[in-house]
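What follows is a short report on a single structure.
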Amino acid sequence: MTGGGPPIVLGPPGGRAEDDGHAKGSSPLSGRSAGRLAMTSAVLTKTAAAGRKLLRGMTDPSRAPPFAGAALLFLVFWFSLPAPLFDSPYSVAMYDREGRLLGARVAVDGQWRFPQAGEPSGRFTRALVAFEDRRFYGHCGFDPWAIARAFASNLEAGRIVEGGSTLTMQTIRAARGGKPRTVGEKLVEAWLAVRLEFTSDKGAILALYAAHAPFGGNVVGAEAASRRYFGRPPENLTWAEAAELAVLPNAPSLAHPGRNRELLRTRRDALLESLAARGVMPSGELSLALAEPLPSEPFALPALAPQLLDRAVKDSSTSRSPRLVTTLDGSLQERCIAVMERHAKRILDSGVSNAACIVASVETGEVLAYVGNASGDGSGKWVDCAAAPRSSGSILKPFLYAAMVESGQITPRTLVADIPTRIGSFSPENMSKQYSGAVTAADALARSLNVPFVRLLRAYGVARFYRVLSDLGFTTLARKAEDYGLTLIIGGAEINLFDLAGAYASFARTTAAPRGAKAGSQTRRLRYVAGTPPSKSERDPFSRESIWLTLEALLEVKRPDEEASWQEYASSRKIAWKTGTSQGFRDAWTVGVSGKFVVAVWAGNATGEGRPAIRGAAVAAPIMFDLFGLLPAGAWFPTPADGLAFRTLCADSGYAAGDDCPSTVRVLLPSKSVPPAVCPYCRTLLVTADGKNRVSAEDPEAATARFEKRFVLPPALEWYYRKGRLDYRTPPPWKPGSAALSEESFAVVVPEDGSRIYVPVDVDGTEGMVVFSAVHRDRAATLFWHLDGEYLGETSGEHRIELRPGEGRHVLTVVDDGGRSVIRTFECLHER
């Protein structure tokens with residue numbers, strides 16, 4: 001034997017060597033337990049004294065009930081044990097759905113002390129019982145034979161070499177804060193041990209001991225020691241590792257993996273030989289166990305989801321539970337981390353330092369993977385980018401689309417204006433800076449066009465859409481609806497990735513729900529704590545049918561050019577997905593939904609710094625597709641055929657077909673939605689026999705003229721629409737001399753009638769200019785501009801004019817060379 005410590009005592013049942021340091025009361029446990037137990041002992045002493053006085057004070061002791069003394073003694077016995085036995089602070093430990101440790105935080109007293117989930121099992125339990133208390137399963141809390149043997153051994157040695165404490169008594173001693181060893185203290189421990197055994201089974205007592213025994217340094221409890229010293233839970237330990245843990249609490253201040261290693265090895269090997277000799281472990285494994293080295297440096301605890309762990313600690317619904325079992329899939333979490341770290345390095349060259357992702361189940365709303373921050377250069381790595389409110393960009397557009405399909409205000413084929421638009425000081429622009437004149441609602445969604453969706457939001461109502469977002473579970477909309485205004489749909493809102501993934505998951509879950517499911521029955525927010533009930537909303541803002549039509553439109557989004565294998569996704573699985581880019585290129589979003597999963601990705605800089613490369617399609621979308629590659633494919637959402645009905649629409653405008661529409665199409669729409677409005681664009685024209693001119697019914701050529709159904713857009717839409725649609729046919733001009741002055745041949749694009757215009761102030765303090773514009777069907781036409789009756793000038797070709805109108809209300813009059821006029825009233829406001 002090497003080392004100068006006390007002798008090893010393995011032999012007599014129930015005995016154990018006493019560590020001098022431990023006997024002096026050096027314990028890592030909180031002093032609160034000792035204080036509570038001391039108070040309990042004082043109360044019990046006073047109670048017993050009062051009872052004795054009560055019995056002595058009886059005038060006739062013969063009249064006292066024969067069982068009064070026994071009852072009083074039982075009450076003292078019953079209430080002598082505090083509940084809970086330990087009130088020490090625990091480390092917050094987070095596990096995946098299979099019980100795998102994902103991360104932990106040290107307890108508030110600086111100790112690594114994990115809460116015990118249940119009775120320890122496996123080799124550690126057998127080694128512990130063999131070393132500390134061989135008759136553990138046969139005694140009632142204390143072992144008289146062990147105490148007698150310890151008394152004899154200590155008397156012979158002239159000092160304390162053996163305590164005779166059972167595991168139950170050691171558990172009580174730990175709860176009492178490791179008080180000095182005296183005969184009186186031993187009696188108290190024995191009394192409380194019997195009380196503990198009275199209402200606890202052996203497994204529960206082992207669990208208490210294993211969770212609170214000292215294992216050296218700031219490591220308390222078997223699970224914390226097993227993970228710190230060996231990098232795995234106690235149930236997966238080898239015989240050598242289990243024996244090492246079993247002997248550590250015997251002398252934690254004297255020998256542990258970082259101190260007196262040879263003494264620790266000697267004690268471990270002695271226990272291994274004893275286990276083999278008694279047949280507890282296979283004798284054939286002894287030589288291998290003895291050859292195992294002691295651990296060197298402590299293992300770092302896993303940190304697979306540090307941001308989620310921080311979130312859980314702060315979350316009031318989980319902060320009271322130190323053992324946090326999550327819904328995460330540990331294996332998927334590791335693979336998602338690898339994908340995120342690889343892409344974080346890729347995008348770092350573009351000035352993008354951070355990225356985050358969430359993978360969740362559509363069916364249950366459970367979070368399967370949560371990477372709060374993958375940093376290519378380590379900057380801001382502790383910021384939880386999945387929980388931080390950021391500008392939404394265009395990522396909310398599908399919800400407005402679904403809401404308007406639900407209300408019957410649009411169909412997927414409805415044309416929406418895409419022209420220069422100015423609403424007060426707000427002038428939205430498409431990302432491409434180009435305009436299409438008019439686009440279908442589905443195409444506007446697939447291409448994420450800003451101008452059409454601003455116009456749609458104005459038609460739907462900001463306050464109304466704000467309520468939809470609240471019903472979907474967005475929790476960071478801190479301002480009133482009117483404060484957001486029309487910017488709500490193109491980045492004016494503050495959202496976080498967690499809420500976004502939850503909204504899209506519930507969006508998809510609703511369309512997968514059976515027809516007739518109770519309103520408000522769908523989960524709205526994601527869940528990351530196992531066993532927590534799903535949150536519900538008071539109402540479902542969408543029907544299955546409107547969501548299904550929206551997801552079908554999102555299937556048409558063009559894959560990013562950077563994703564070389566996107567064709568494989570198109571052929572192997574369906575993914576409805578949407579991107580978003582915030583103003584100033586600060587946030588890149590992408591969220592995708594398949595039949596089984598939702599994947600949401602954010603990329604940007606945790607500092608909020610913008611970079612030109614921060615675009616949803618270029619930065620976040622490739623990450624999302626790689627993450628989907630980790631997931632199994634599943635069936636697409638079934639068509640809700642029982643809730644859809646065919647309606648006849650104008651093939652050109654997407655409105656309900658009218659008598660003047662030249663062609664129609666049958667389209668599936670929600671059967672319960674309000675029928676769409678009748679097409680406002682198609683009309684029946686009277687044209688000459690050669691088709692070159694239009695004539696009125698009073699014209700002499702009307703007798704030989706013919707009627708022709710045509711799709712005719714207003715001039716403002718037509719000007720931009722025909723640039724990209726070579727198949728569009730402008731209406732024939734009127735026959736010279738025809739009285740058609742009431743015909744709309746041109747339009748003023750800016751300003752809109754009744755609008756309010758804010759005139760900016762330049763850097764030098766001078767008032768800026770505003771630009772008014774108009775379009776004419778006849779590209780050779782000349783327009784004459786007048787403001788408040790004063791002539792301003794004329795334009796041809798590109799009809800644009802710069803003005804500096806004074807503050808107040810104004811009337812703009814524009815006349816073409818055919819005598820037709822358009823009048824716009826507006827109010828001019830100057831910045832001060």
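Ligands are numbered from 1 in the order shown, residues from 1 within each chain, and chains are lettered A, B, ... in the order they appear in the structure tokens.
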Per-residue DSSP, stretch 228-392 of chain A, filtered to strand (DSSP E), as a VMD selection string: chain A and resid 323 to 325 354 to 361 367 to 375 390 to 391
Write a file of the just-selected residues containing N, CA and C atoms, as a PDB file, in the first residue's frame.
ATOM      1  N   ARG A 323     -33.873  19.434 -13.526  1.00  0.00           N
ATOM      2  CA  ARG A 323     -33.667  18.380 -14.527  1.00  0.00           C
ATOM      3  C   ARG A 323     -34.639  18.627 -15.670  1.00  0.00           C
ATOM      4  N   LEU A 324     -34.124  19.117 -16.771  1.00  0.00           N
ATOM      5  CA  LEU A 324     -34.954  19.549 -17.891  1.00  0.00           C
ATOM      6  C   LEU A 324     -34.823  18.556 -19.042  1.00  0.00           C
ATOM      7  N   VAL A 325     -35.866  17.801 -19.260  1.00  0.00           N
ATOM      8  CA  VAL A 325     -35.903  16.866 -20.380  1.00  0.00           C
ATOM      9  C   VAL A 325     -36.600  17.567 -21.547  1.00  0.00           C
ATOM     10  N   ASN A 354     -23.102  35.385 -38.081  1.00  0.00           N
ATOM     11  CA  ASN A 354     -23.943  34.558 -37.221  1.00  0.00           C
ATOM     12  C   ASN A 354     -25.096  33.928 -37.993  1.00  0.00           C
ATOM     13  N   ALA A 355     -25.539  32.784 -37.519  1.00  0.00           N
ATOM     14  CA  ALA A 355     -26.691  32.103 -38.108  1.00  0.00           C
ATOM     15  C   ALA A 355     -27.351  31.257 -37.036  1.00  0.00           C
ATOM     16  N   ALA A 356     -28.640  31.003 -37.200  1.00  0.00           N
ATOM     17  CA  ALA A 356     -29.393  30.191 -36.243  1.00  0.00           C
ATOM     18  C   ALA A 356     -30.421  29.373 -37.007  1.00  0.00           C
ATOM     19  N   CYS A 357     -30.830  28.246 -36.408  1.00  0.00           N
ATOM     20  CA  CYS A 357     -31.841  27.422 -37.055  1.00  0.00           C
ATOM     21  C   CYS A 357     -32.696  26.715 -36.017  1.00  0.00           C
ATOM     22  N   ILE A 358     -33.902  26.372 -36.415  1.00  0.00           N
ATOM     23  CA  ILE A 358     -34.816  25.564 -35.610  1.00  0.00           C
ATOM     24  C   ILE A 358     -35.447  24.536 -36.528  1.00  0.00           C
ATOM     25  N   VAL A 359     -35.442  23.285 -36.080  1.00  0.00           N
ATOM     26  CA  VAL A 359     -36.125  22.198 -36.782  1.00  0.00           C
ATOM     27  C   VAL A 359     -37.203  21.681 -35.843  1.00  0.00           C
ATOM     28  N   ALA A 360     -38.438  21.573 -36.334  1.00  0.00           N
ATOM     29  CA  ALA A 360     -39.545  21.162 -35.476  1.00  0.00           C
ATOM     30  C   ALA A 360     -40.470  20.215 -36.223  1.00  0.00           C
ATOM     31  N   SER A 361     -41.239  19.471 -35.461  1.00  0.00           N
ATOM     32  CA  SER A 361     -42.231  18.558 -36.009  1.00  0.00           C
ATOM     33  C   SER A 361     -43.513  19.317 -36.310  1.00  0.00           C
ATOM     34  N   VAL A 367     -39.861  20.920 -30.770  1.00  0.00           N
ATOM     35  CA  VAL A 367     -38.574  21.319 -31.329  1.00  0.00           C
ATOM     36  C   VAL A 367     -37.653  20.102 -31.337  1.00  0.00           C
ATOM     37  N   LEU A 368     -37.095  19.785 -32.494  1.00  0.00           N
ATOM     38  CA  LEU A 368     -36.197  18.638 -32.638  1.00  0.00           C
ATOM     39  C   LEU A 368     -34.735  19.068 -32.653  1.00  0.00           C
ATOM     40  N   ALA A 369     -34.467  20.281 -33.090  1.00  0.00           N
ATOM     41  CA  ALA A 369     -33.098  20.811 -33.095  1.00  0.00           C
ATOM     42  C   ALA A 369     -33.177  22.312 -32.923  1.00  0.00           C
ATOM     43  N   TYR A 370     -32.230  22.854 -32.144  1.00  0.00           N
ATOM     44  CA  TYR A 370     -32.219  24.282 -31.828  1.00  0.00           C
ATOM     45  C   TYR A 370     -30.766  24.731 -31.788  1.00  0.00           C
ATOM     46  N   VAL A 371     -30.339  25.409 -32.839  1.00  0.00           N
ATOM     47  CA  VAL A 371     -28.995  25.974 -32.878  1.00  0.00           C
ATOM     48  C   VAL A 371     -29.170  27.483 -32.770  1.00  0.00           C
ATOM     49  N   GLY A 372     -28.940  27.994 -31.566  1.00  0.00           N
ATOM     50  CA  GLY A 372     -29.219  29.401 -31.317  1.00  0.00           C
ATOM     51  C   GLY A 372     -28.225  30.348 -31.934  1.00  0.00           C
ATOM     52  N   ASN A 373     -27.005  29.859 -32.215  1.00  0.00           N
ATOM     53  CA  ASN A 373     -26.000  30.758 -32.803  1.00  0.00           C
ATOM     54  C   ASN A 373     -24.816  29.940 -33.295  1.00  0.00           C
ATOM     55  N   ALA A 374     -24.627  29.930 -34.579  1.00  0.00           N
ATOM     56  CA  ALA A 374     -23.417  29.372 -35.182  1.00  0.00           C
ATOM     57  C   ALA A 374     -22.606  30.553 -35.697  1.00  0.00           C
ATOM     58  N   SER A 375     -21.445  30.759 -35.094  1.00  0.00           N
ATOM     59  CA  SER A 375     -20.643  31.938 -35.424  1.00  0.00           C
ATOM     60  C   SER A 375     -19.379  31.520 -36.149  1.00  0.00           C
ATOM     61  N   ARG A 390     -35.950  40.446 -34.497  1.00  0.00           N
ATOM     62  CA  ARG A 390     -35.286  41.036 -35.657  1.00  0.00           C
ATOM     63  C   ARG A 390     -36.357  41.469 -36.656  1.00  0.00           C
ATOM     64  N   SER A 391     -35.949  42.308 -37.600  1.00  0.00           N
ATOM     65  CA  SER A 391     -36.874  42.767 -38.640  1.00  0.00           C
ATOM     66  C   SER A 391     -37.308  41.591 -39.514  1.00  0.00           C
TER      67      SER A 391
END
Could you list, as a ChimeraX atom specification, every residue within 12 Å of stretch 480-488 of chain A, counting only C-alpha atoms and ignoring same-chain residues fewer than 3 positions away? /A:391-397,399-400,422-429,450-470,476-477,491-495,582-583
Restricted to C-alpha atoms, what would the selected residues look like written as a PDB file, in the first residue's frame?
ATOM      1  CA  SER A 391     -36.874  42.767 -38.640  1.00  0.00           C
ATOM      2  CA  SER A 392     -39.187  40.337 -40.432  1.00  0.00           C
ATOM      3  CA  GLY A 393     -38.481  41.321 -44.022  1.00  0.00           C
ATOM      4  CA  SER A 394     -40.948  39.580 -46.363  1.00  0.00           C
ATOM      5  CA  ILE A 395     -41.318  36.406 -44.324  1.00  0.00           C
ATOM      6  CA  LEU A 396     -44.889  37.224 -43.188  1.00  0.00           C
ATOM      7  CA  LYS A 397     -46.385  37.547 -46.674  1.00  0.00           C
ATOM      8  CA  PHE A 399     -50.035  34.747 -43.838  1.00  0.00           C
ATOM      9  CA  LEU A 400     -51.570  37.793 -45.547  1.00  0.00           C
ATOM     10  CA  ARG A 422     -46.427  56.347 -52.814  1.00  0.00           C
ATOM     11  CA  ILE A 423     -48.591  56.427 -49.692  1.00  0.00           C
ATOM     12  CA  GLY A 424     -47.786  59.511 -47.659  1.00  0.00           C
ATOM     13  CA  SER A 425     -44.051  59.409 -47.063  1.00  0.00           C
ATOM     14  CA  PHE A 426     -44.018  55.652 -47.599  1.00  0.00           C
ATOM     15  CA  SER A 427     -42.868  54.535 -51.029  1.00  0.00           C
ATOM     16  CA  PRO A 428     -42.374  50.751 -51.150  1.00  0.00           C
ATOM     17  CA  GLU A 429     -40.123  49.215 -53.783  1.00  0.00           C
ATOM     18  CA  ASN A 450     -43.195  44.198 -52.013  1.00  0.00           C
ATOM     19  CA  VAL A 451     -45.445  46.649 -53.872  1.00  0.00           C
ATOM     20  CA  PRO A 452     -48.309  44.204 -54.564  1.00  0.00           C
ATOM     21  CA  PHE A 453     -48.311  43.057 -50.930  1.00  0.00           C
ATOM     22  CA  VAL A 454     -48.355  46.595 -49.567  1.00  0.00           C
ATOM     23  CA  ARG A 455     -51.407  47.205 -51.720  1.00  0.00           C
ATOM     24  CA  LEU A 456     -52.974  43.947 -50.531  1.00  0.00           C
ATOM     25  CA  LEU A 457     -52.389  44.890 -46.892  1.00  0.00           C
ATOM     26  CA  ARG A 458     -54.017  48.252 -47.455  1.00  0.00           C
ATOM     27  CA  ALA A 459     -57.058  46.445 -48.844  1.00  0.00           C
ATOM     28  CA  TYR A 460     -57.146  43.859 -46.032  1.00  0.00           C
ATOM     29  CA  GLY A 461     -56.485  46.257 -43.146  1.00  0.00           C
ATOM     30  CA  VAL A 462     -53.433  46.643 -40.922  1.00  0.00           C
ATOM     31  CA  ALA A 463     -55.309  46.125 -37.637  1.00  0.00           C
ATOM     32  CA  ARG A 464     -57.028  43.057 -39.019  1.00  0.00           C
ATOM     33  CA  PHE A 465     -53.744  41.488 -40.124  1.00  0.00           C
ATOM     34  CA  TYR A 466     -52.137  42.396 -36.808  1.00  0.00           C
ATOM     35  CA  ARG A 467     -54.774  40.240 -35.083  1.00  0.00           C
ATOM     36  CA  VAL A 468     -53.955  37.371 -37.438  1.00  0.00           C
ATOM     37  CA  LEU A 469     -50.281  37.534 -36.470  1.00  0.00           C
ATOM     38  CA  SER A 470     -51.187  37.601 -32.786  1.00  0.00           C
ATOM     39  CA  THR A 476     -42.733  40.271 -29.992  1.00  0.00           C
ATOM     40  CA  LEU A 477     -45.186  42.663 -31.660  1.00  0.00           C
ATOM     41  CA  GLY A 491     -40.103  44.260 -42.476  1.00  0.00           C
ATOM     42  CA  GLY A 492     -41.658  46.728 -40.082  1.00  0.00           C
ATOM     43  CA  ALA A 493     -42.450  44.018 -37.532  1.00  0.00           C
ATOM     44  CA  GLU A 494     -40.098  42.580 -34.903  1.00  0.00           C
ATOM     45  CA  ILE A 495     -40.208  38.784 -34.824  1.00  0.00           C
ATOM     46  CA  SER A 582     -34.856  43.096 -43.937  1.00  0.00           C
ATOM     47  CA  GLN A 583     -34.335  46.736 -44.834  1.00  0.00           C
TER      48      GLN A 583
END
Kindly assemble as CSV a list of the stretch 399-509 of chain A residues that lie within 7 Å of stretch 543-558 of chain A, each paired with its nearest atom pair and their distance in Å to one decimal, using only C-alpha atoms, sorted first by chain and then by ascending residue number.
residue,atom,partner,partner_atom,distance
A:Tyr401,CA,A:Thr550,CA,6.9
A:Ala402,CA,A:Ser546,CA,5.4
A:Val405,CA,A:Ser546,CA,5.9
A:Glu406,CA,A:Ser546,CA,5.5
A:Ala442,CA,A:Ala553,CA,5.6
A:Ala446,CA,A:Val557,CA,4.7
A:Arg447,CA,A:Val557,CA,6.8
A:Phe507,CA,A:Ile547,CA,6.8
So that I have them on file, write out the residues from the current selection with C-alpha atoms, as a JSON list (two decimals), in the first residue's frame.
[["chain", "number", "residue", "atom", "x", "y", "z"],
["A", 401, "TYR", "CA", -52.01, 35.77, -48.74],
["A", 402, "ALA", "CA", -53.85, 33.01, -46.83],
["A", 405, "VAL", "CA", -57.84, 33.86, -49.87],
["A", 406, "GLU", "CA", -59.81, 32.93, -46.75],
["A", 442, "ALA", "CA", -49.60, 33.61, -56.36],
["A", 446, "ALA", "CA", -43.55, 33.26, -55.12],
["A", 447, "ARG", "CA", -41.44, 36.25, -56.24],
["A", 507, "PHE", "CA", -49.94, 26.85, -40.34]]
Restricting the calculation to only C-alpha atoms: of A:Ala207, A:Ala175, A:Ala93, A:Leu272, which residue gets closest to A:Pro302?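 Result for the nearest residue to A:Pro302: A:Ala93.
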Would you mind reading off the distance between atom CA of A:Ile490 and atom CA of A:Lys578, one decimal, in Å? 13.1 Å
From a backbone DSSP assignment, name each residue in stretch 298-426 of chain A labelled helix (DSSP H, G or I), as a PyMOL selection string. chain A and resi 306-314+330-348+397-407
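Minimum distance to A:Leu245 across A:Phe151, A:Phe124, A:Tyr137, A:Phe142 (counting only C-alpha atoms) occurs at A:Phe124.
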Need the shell around A:Tyr728: protein/DNA/RNA residues with any atom at most 12 Å away, counting only C-alpha atoms. Skip same-chain ones fewer than 4 positions apart. Format as a CSV table (one decimal) with N, CA, C and O atoms, in the first residue's frame?
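Below is the file part_18.csv, written as the result:
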chain,number,residue,atom,x,y,z
A,437,GLY,N,-46.4,45.9,-63.5
A,437,GLY,CA,-47.7,46.4,-63.9
A,437,GLY,C,-48.8,45.7,-63.1
A,437,GLY,O,-49.6,46.3,-62.4
A,438,ALA,N,-48.9,44.4,-63.4
A,438,ALA,CA,-49.9,43.6,-62.7
A,438,ALA,C,-49.4,42.2,-62.6
A,438,ALA,O,-48.8,41.7,-63.6
A,652,ASP,N,-57.6,35.8,-67.6
A,652,ASP,CA,-56.7,36.9,-67.6
A,652,ASP,C,-56.5,37.6,-66.3
A,652,ASP,O,-55.4,37.9,-65.9
A,710,ARG,N,-62.3,41.8,-75.0
A,710,ARG,CA,-60.8,42.1,-74.8
A,710,ARG,C,-60.5,42.3,-73.3
A,710,ARG,O,-61.3,42.8,-72.5
A,711,PHE,N,-59.3,41.9,-73.0
A,711,PHE,CA,-58.8,42.1,-71.6
A,711,PHE,C,-58.0,43.4,-71.7
A,711,PHE,O,-57.0,43.5,-72.4
A,712,VAL,N,-58.5,44.4,-71.0
A,712,VAL,CA,-57.9,45.8,-71.1
A,712,VAL,C,-57.6,46.3,-69.7
A,712,VAL,O,-58.5,46.5,-68.8
A,713,LEU,N,-56.3,46.5,-69.4
A,713,LEU,CA,-55.9,47.0,-68.1
A,713,LEU,C,-55.9,48.5,-68.1
A,713,LEU,O,-55.8,49.2,-69.2
A,717,LEU,N,-51.4,50.4,-65.1
A,717,LEU,CA,-51.0,49.0,-65.0
A,717,LEU,C,-50.5,48.6,-66.4
A,717,LEU,O,-49.5,47.8,-66.5
A,718,GLU,N,-51.2,49.0,-67.5
A,718,GLU,CA,-50.8,48.5,-68.8
A,718,GLU,C,-49.4,49.0,-69.2
A,718,GLU,O,-48.7,48.2,-69.9
A,719,TRP,N,-49.0,50.2,-68.8
A,719,TRP,CA,-47.7,50.7,-69.2
A,719,TRP,C,-46.6,49.8,-68.8
A,719,TRP,O,-45.7,49.5,-69.6
A,720,TYR,N,-46.7,49.2,-67.6
A,720,TYR,CA,-45.6,48.3,-67.1
A,720,TYR,C,-45.9,46.9,-67.5
A,720,TYR,O,-45.0,46.1,-67.8
A,721,TYR,N,-47.2,46.5,-67.6
A,721,TYR,CA,-47.5,45.1,-67.9
A,721,TYR,C,-47.1,44.7,-69.3
A,721,TYR,O,-46.6,43.6,-69.5
A,722,ARG,N,-47.3,45.5,-70.3
A,722,ARG,CA,-47.0,45.1,-71.6
A,722,ARG,C,-45.5,45.0,-71.9
A,722,ARG,O,-45.1,44.4,-72.9
A,723,LYS,N,-44.7,45.6,-71.0
A,723,LYS,CA,-43.3,45.5,-71.2
A,723,LYS,C,-42.8,44.1,-71.1
A,723,LYS,O,-41.8,43.6,-71.8
A,724,GLY,N,-43.4,43.3,-70.2
A,724,GLY,CA,-43.0,41.9,-70.0
A,724,GLY,C,-43.9,40.9,-70.5
A,724,GLY,O,-43.7,39.7,-70.4
Nearest to A:Arg573 by atom-to-atom distance, counting only C-alpha atoms, from A:Ala635, A:Ile623, A:Leu526, A:Met340: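 Among the listed residues, the smallest separation from A:Arg573 belongs to A:Ala635.
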For A:Glu223, which residue among A:Tyr528, A:Trp191, A:Trp112, A:Tyr504 is the nearest when counting only C-alpha atoms?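 Ranked by minimum distance to A:Glu223, first place goes to A:Trp112.
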Residues within 9 Å of stretch 683-690 of chain A, please, as a list in words. Count only C-alpha atoms; anything in the same chain fewer than 4 positions from it doesn't count. Asp659, Asp660, Cys661, Pro662, Arg694, Val695, Ser696, Ala697, Glu701, Ala702, Thr704, Ala705, Arg706, Phe707, Glu708, Lys709, Arg710, Phe711, Val712, Pro731, Pro732, Trp734 and Lys735 of chain A
Separation of atom CA of A:Met624 and atom CA of A:Phe542, in Å? 25.7 Å
Stretch 641-650 of chain A surroundings by only C-alpha atoms, 10 Å radius, close-in-sequence under 6 positions cut, as a ChimeraX atom specification: /A:411,413-414,515,543-546,549,656-673,675-679,681-682,711
Export of the given selection (N, CA and C atoms) as a short mmCIF file (atom, residue, chain, number, x, y, z; two decimals), in the first residue's frame:
data_model
loop_
_atom_site.label_atom_id
_atom_site.label_comp_id
_atom_site.auth_asym_id
_atom_site.auth_seq_id
_atom_site.Cartn_x
_atom_site.Cartn_y
_atom_site.Cartn_z
N THR A 411 -57.98 35.45 -55.22
CA THR A 411 -57.75 34.05 -55.56
C THR A 411 -56.28 33.94 -55.95
N ARG A 413 -55.09 33.45 -58.65
CA ARG A 413 -54.89 34.03 -59.99
C ARG A 413 -55.28 35.49 -60.07
N THR A 414 -55.72 36.09 -58.98
CA THR A 414 -56.14 37.50 -58.99
C THR A 414 -54.96 38.40 -59.34
N ARG A 515 -60.99 17.33 -41.21
CA ARG A 515 -62.05 18.31 -41.44
C ARG A 515 -63.01 18.31 -40.25
N SER A 543 -58.57 28.47 -42.68
CA SER A 543 -59.13 27.13 -42.92
C SER A 543 -58.06 26.24 -43.55
N ARG A 544 -58.32 24.94 -43.54
CA ARG A 544 -57.38 24.00 -44.18
C ARG A 544 -57.19 24.36 -45.65
N GLU A 545 -58.27 24.77 -46.27
CA GLU A 545 -58.24 24.99 -47.71
C GLU A 545 -57.38 26.20 -48.09
N SER A 546 -57.53 27.32 -47.35
CA SER A 546 -56.74 28.50 -47.70
C SER A 546 -55.26 28.25 -47.44
N LEU A 549 -53.84 26.05 -50.31
CA LEU A 549 -53.61 26.84 -51.52
C LEU A 549 -52.36 27.71 -51.35
N ALA A 656 -63.81 36.67 -60.74
CA ALA A 656 -64.94 35.87 -61.23
C ALA A 656 -65.26 36.27 -62.67
N ALA A 657 -65.48 35.28 -63.50
CA ALA A 657 -65.70 35.55 -64.92
C ALA A 657 -67.01 36.31 -65.12
N GLY A 658 -66.94 37.35 -65.95
CA GLY A 658 -68.12 38.12 -66.32
C GLY A 658 -68.49 37.86 -67.77
N ASP A 659 -69.52 38.53 -68.23
CA ASP A 659 -69.99 38.32 -69.61
C ASP A 659 -68.98 38.82 -70.64
N ASP A 660 -68.10 39.75 -70.24
CA ASP A 660 -67.16 40.33 -71.19
C ASP A 660 -65.82 39.60 -71.24
N CYS A 661 -65.60 38.60 -70.41
CA CYS A 661 -64.30 37.92 -70.37
C CYS A 661 -64.14 37.02 -71.59
N PRO A 662 -63.02 37.18 -72.32
CA PRO A 662 -62.85 36.38 -73.55
C PRO A 662 -62.54 34.92 -73.26
N SER A 663 -61.92 34.60 -72.15
CA SER A 663 -61.60 33.21 -71.82
C SER A 663 -61.73 33.00 -70.32
N THR A 664 -62.06 31.78 -69.95
CA THR A 664 -62.27 31.47 -68.54
C THR A 664 -61.48 30.23 -68.16
N VAL A 665 -61.40 30.01 -66.87
CA VAL A 665 -60.68 28.86 -66.34
C VAL A 665 -61.38 28.40 -65.08
N ARG A 666 -61.37 27.08 -64.84
CA ARG A 666 -61.97 26.53 -63.62
C ARG A 666 -60.86 26.32 -62.58
N VAL A 667 -61.09 26.88 -61.40
CA VAL A 667 -60.06 26.88 -60.36
C VAL A 667 -60.68 26.42 -59.04
N LEU A 668 -59.92 25.61 -58.29
CA LEU A 668 -60.37 25.18 -56.97
C LEU A 668 -60.15 26.30 -55.96
N LEU A 669 -61.22 26.63 -55.23
CA LEU A 669 -61.17 27.66 -54.19
C LEU A 669 -61.92 27.14 -52.96
N PRO A 670 -61.66 27.71 -51.79
CA PRO A 670 -62.42 27.29 -50.60
C PRO A 670 -63.91 27.45 -50.82
N SER A 671 -64.65 26.39 -50.55
CA SER A 671 -66.08 26.41 -50.86
C SER A 671 -66.85 27.37 -49.96
N LYS A 672 -66.32 27.65 -48.75
CA LYS A 672 -67.03 28.51 -47.82
C LYS A 672 -66.59 29.97 -47.90
N SER A 673 -65.62 30.27 -48.72
CA SER A 673 -65.17 31.66 -48.82
C SER A 673 -66.14 32.48 -49.66
N PRO A 675 -67.44 34.48 -52.65
CA PRO A 675 -67.05 34.44 -54.08
C PRO A 675 -66.31 35.70 -54.48
N PRO A 676 -65.31 35.58 -55.34
CA PRO A 676 -64.55 36.77 -55.76
C PRO A 676 -65.42 37.73 -56.57
N ALA A 677 -64.95 38.98 -56.61
CA ALA A 677 -65.66 40.00 -57.38
C ALA A 677 -65.58 39.70 -58.87
N VAL A 678 -66.52 40.27 -59.62
CA VAL A 678 -66.55 40.06 -61.07
C VAL A 678 -65.40 40.84 -61.71
N CYS A 679 -64.84 40.30 -62.75
CA CYS A 679 -63.68 40.88 -63.41
C CYS A 679 -63.93 42.34 -63.80
N TYR A 681 -61.73 44.19 -65.55
CA TYR A 681 -60.82 44.60 -66.63
C TYR A 681 -61.32 44.22 -68.02
N CYS A 682 -62.07 43.17 -68.14
CA CYS A 682 -62.51 42.75 -69.47
C CYS A 682 -63.73 43.57 -69.91
N PHE A 711 -59.30 41.86 -72.95
CA PHE A 711 -58.76 42.10 -71.61
C PHE A 711 -57.99 43.41 -71.68
#
Select, from A:Val822, A:Ser432, A:Arg809, A:Asp762, the residue with the minimum atom-to-atom distance to A:Phe746, counting only C-alpha atoms.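 So, comparing all the options, the nearest one is A:Val822.
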